[in-house]
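Note sheet for the following structure.
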Amino acid sequence: MARLKVIEPAQAEGKAKELFEGPLKDMHINIFKGMANSPAVLEAYLGMSGALSGGLLSTKERELIMLVVGEANKCDYCLSAHTMIGKQAGLSEADTIAARKGAATDPKHAALCKFAAALHEKNGWVSDEDLDAFRQAGYTDGHVAEVVANYALSIFTNYFNHVNDTEVDLPAAPALTS
């Protein structure tokens, strides 16, 4: 059960109502109902997510990052959401599971998952070797910057869900096996 008040879109007021009737018209999911306690938080999420969706990283690549970080932080809500979104973006279920383990069958995606995992494990203090391996896979400094930003977005949503104990209202991500 959520630890924060659940703002149902039909009862939302002011800016939260505008957001539920506008950009979130078809996305009345529990994470947003919790974030709506502060329309500024909801706007921050939408703004950062929207800006990053127009960046260099593809939707698949952004979802791989979210899966790597969601698994590292044990965020069931984000794992469910990003497994679903990742599949909509063209990832297979096997791809989503591999990403959660910090891997991928595609070499470029494998480098991305490894870099995102290193970013997490090293608290941002990645080595020159980490950067070189990422760049050798075909990524640029712009991609590096966007991985950091997508990582930050993932931490934001993971931690929000941890604090809120957001109830998963999406299909559950598959359990990992060894």
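Chain labels A, B, ... are given in the sequence in which chains occur in the structure tokens; within each chain residues are numbered consecutively from 1, and ligands are likewise numbered from 1 in the order shown.
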- prompt: What residues in region 27-155 of chain A get the DSSP label helix (DSSP H, G or I)? Please answer as number ranges by chain.
  reply: A: 30-35, 39-53, 59-72, 76-88, 93-100, 107-121, 128-136, 141-155
With C-alpha atoms retained, write the just-selected residues as a tab-separated table (two decimals), in the first residue's frame.
```
chain	number	residue	atom	x	y	z
A	30	ASN	CA	0.35	4.68	-9.64
A	31	ILE	CA	3.77	6.33	-9.84
A	32	PHE	CA	2.17	9.46	-11.32
A	33	LYS	CA	-0.69	9.36	-8.80
A	34	GLY	CA	1.95	9.49	-6.06
A	35	MET	CA	4.07	12.15	-7.72
A	39	PRO	CA	2.79	18.90	-9.26
A	40	ALA	CA	6.37	20.26	-9.36
A	41	VAL	CA	7.68	16.70	-8.95
A	42	LEU	CA	5.37	15.42	-11.67
A	43	GLU	CA	6.46	18.27	-13.96
A	44	ALA	CA	10.12	17.59	-13.18
A	45	TYR	CA	9.70	13.95	-14.19
A	46	LEU	CA	7.81	14.85	-17.38
A	47	GLY	CA	10.29	17.58	-18.28
A	48	MET	CA	13.39	15.46	-17.85
A	49	SER	CA	11.86	12.40	-19.47
A	50	GLY	CA	10.55	14.46	-22.36
A	51	ALA	CA	13.84	16.22	-22.94
A	52	LEU	CA	15.78	12.95	-22.92
A	53	SER	CA	13.36	11.34	-25.35
A	59	THR	CA	14.11	4.49	-26.78
A	60	LYS	CA	15.60	0.98	-26.63
A	61	GLU	CA	18.86	2.34	-25.26
A	62	ARG	CA	17.12	4.48	-22.64
A	63	GLU	CA	15.06	1.49	-21.55
A	64	LEU	CA	18.18	-0.66	-21.24
A	65	ILE	CA	19.64	1.92	-18.84
A	66	MET	CA	16.42	2.00	-16.83
A	67	LEU	CA	16.47	-1.80	-16.56
A	68	VAL	CA	20.12	-1.93	-15.48
A	69	VAL	CA	19.58	0.70	-12.80
A	70	GLY	CA	16.13	-0.56	-11.74
A	71	GLU	CA	17.59	-4.00	-11.08
A	72	ALA	CA	20.60	-2.57	-9.24
A	76	ASP	CA	9.93	-3.64	-8.73
A	77	TYR	CA	7.76	-0.81	-10.05
A	78	CYS	CA	10.41	0.48	-12.45
A	79	LEU	CA	11.37	-3.02	-13.54
A	80	SER	CA	7.74	-3.71	-14.42
A	81	ALA	CA	7.31	-0.38	-16.20
A	82	HIS	CA	10.53	-0.55	-18.17
A	83	THR	CA	10.11	-4.20	-19.11
A	84	MET	CA	6.75	-3.24	-20.61
A	85	ILE	CA	8.04	-0.07	-22.29
A	86	GLY	CA	11.18	-1.85	-23.47
A	87	LYS	CA	9.08	-4.52	-25.16
A	88	GLN	CA	6.98	-1.79	-26.81
A	93	GLU	CA	11.80	-10.35	-22.92
A	94	ALA	CA	15.23	-12.01	-23.09
A	95	ASP	CA	16.75	-8.58	-23.86
A	96	THR	CA	15.06	-7.06	-20.81
A	97	ILE	CA	16.30	-9.87	-18.58
A	98	ALA	CA	19.85	-9.61	-19.95
A	99	ALA	CA	19.88	-5.86	-19.35
A	100	ARG	CA	18.87	-6.41	-15.74
A	107	PRO	CA	27.63	-5.67	-28.73
A	108	LYS	CA	26.76	-1.96	-28.73
A	109	HIS	CA	23.91	-2.49	-26.26
A	110	ALA	CA	26.22	-4.67	-24.14
A	111	ALA	CA	28.68	-1.76	-23.90
A	112	LEU	CA	25.82	0.54	-22.90
A	113	CYS	CA	24.61	-1.83	-20.17
A	114	LYS	CA	28.15	-2.31	-18.89
A	115	PHE	CA	28.74	1.45	-18.80
A	116	ALA	CA	25.44	2.08	-16.97
A	117	ALA	CA	26.32	-0.64	-14.46
A	118	ALA	CA	29.80	0.87	-13.95
A	119	LEU	CA	28.25	4.30	-13.43
A	120	HIS	CA	26.09	2.82	-10.68
A	121	GLU	CA	28.74	0.64	-9.06
A	128	ASP	CA	39.15	6.04	-18.37
A	129	GLU	CA	38.89	2.39	-19.41
A	130	ASP	CA	35.12	2.43	-18.83
A	131	LEU	CA	34.80	5.53	-21.02
A	132	ASP	CA	37.10	4.14	-23.70
A	133	ALA	CA	35.17	0.87	-23.93
A	134	PHE	CA	31.90	2.79	-24.24
A	135	ARG	CA	33.31	5.05	-26.94
A	136	GLN	CA	34.84	2.10	-28.82
A	141	ASP	CA	30.62	12.20	-25.44
A	142	GLY	CA	27.02	13.31	-26.04
A	143	HIS	CA	25.93	9.73	-25.36
A	144	VAL	CA	28.02	9.70	-22.17
A	145	ALA	CA	26.22	12.83	-20.97
A	146	GLU	CA	22.84	11.29	-21.77
A	147	VAL	CA	23.64	8.04	-19.97
A	148	VAL	CA	24.38	10.10	-16.86
A	149	ALA	CA	21.11	12.03	-17.26
A	150	ASN	CA	19.07	8.86	-17.84
A	151	TYR	CA	20.78	7.29	-14.84
A	152	ALA	CA	19.73	10.29	-12.73
A	153	LEU	CA	16.14	9.97	-13.98
A	154	SER	CA	16.16	6.30	-13.07
A	155	ILE	CA	17.48	7.03	-9.56
```
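If you count only C-alpha atoms and ignore residues fewer than 5 places along the chain from Lys25 (chain A), what sits within 12 Å of it is Pro9, Ala10, Ala16, Lys17, Glu18, Leu19, Phe20 and Phe32 of chain A.
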For N, CA and C atoms, I'd like the residues from the last selection saved as a JSON list (two decimals), in the first residue's frame.
```
[["chain", "number", "residue", "atom", "x", "y", "z"],
["A", 9, "PRO", "N", -6.77, 10.89, -10.65],
["A", 9, "PRO", "CA", -6.91, 11.95, -11.66],
["A", 9, "PRO", "C", -8.26, 12.66, -11.63],
["A", 10, "ALA", "N", -9.35, 11.94, -11.36],
["A", 10, "ALA", "CA", -10.68, 12.56, -11.34],
["A", 10, "ALA", "C", -10.84, 13.55, -10.19],
["A", 16, "ALA", "N", -1.90, 19.56, -11.12],
["A", 16, "ALA", "CA", -1.97, 18.10, -11.22],
["A", 16, "ALA", "C", -3.10, 17.69, -12.16],
["A", 17, "LYS", "N", -4.24, 18.35, -12.06],
["A", 17, "LYS", "CA", -5.37, 18.07, -12.95],
["A", 17, "LYS", "C", -4.99, 18.36, -14.40],
["A", 18, "GLU", "N", -4.32, 19.49, -14.63],
["A", 18, "GLU", "CA", -3.87, 19.85, -15.98],
["A", 18, "GLU", "C", -2.96, 18.77, -16.55],
["A", 19, "LEU", "N", -2.05, 18.27, -15.74],
["A", 19, "LEU", "CA", -1.11, 17.25, -16.21],
["A", 19, "LEU", "C", -1.81, 15.93, -16.50],
["A", 20, "PHE", "N", -2.74, 15.53, -15.62],
["A", 20, "PHE", "CA", -3.48, 14.29, -15.86],
["A", 20, "PHE", "C", -4.39, 14.40, -17.09],
["A", 32, "PHE", "N", 2.59, 8.08, -11.07],
["A", 32, "PHE", "CA", 2.17, 9.46, -11.32],
["A", 32, "PHE", "C", 1.14, 9.91, -10.30]]
```
query: What does the distance from CA of Trp125 (chain A) to CA of Ser58 (chain A) come to in Å, to one decimal?
result: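 These atoms are spaced 24.5 Å apart.
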query: To one decimal place, how far is CA of Ala89 (chain A) from CA of Asn161 (chain A) in Å?
result: 23.0 Å
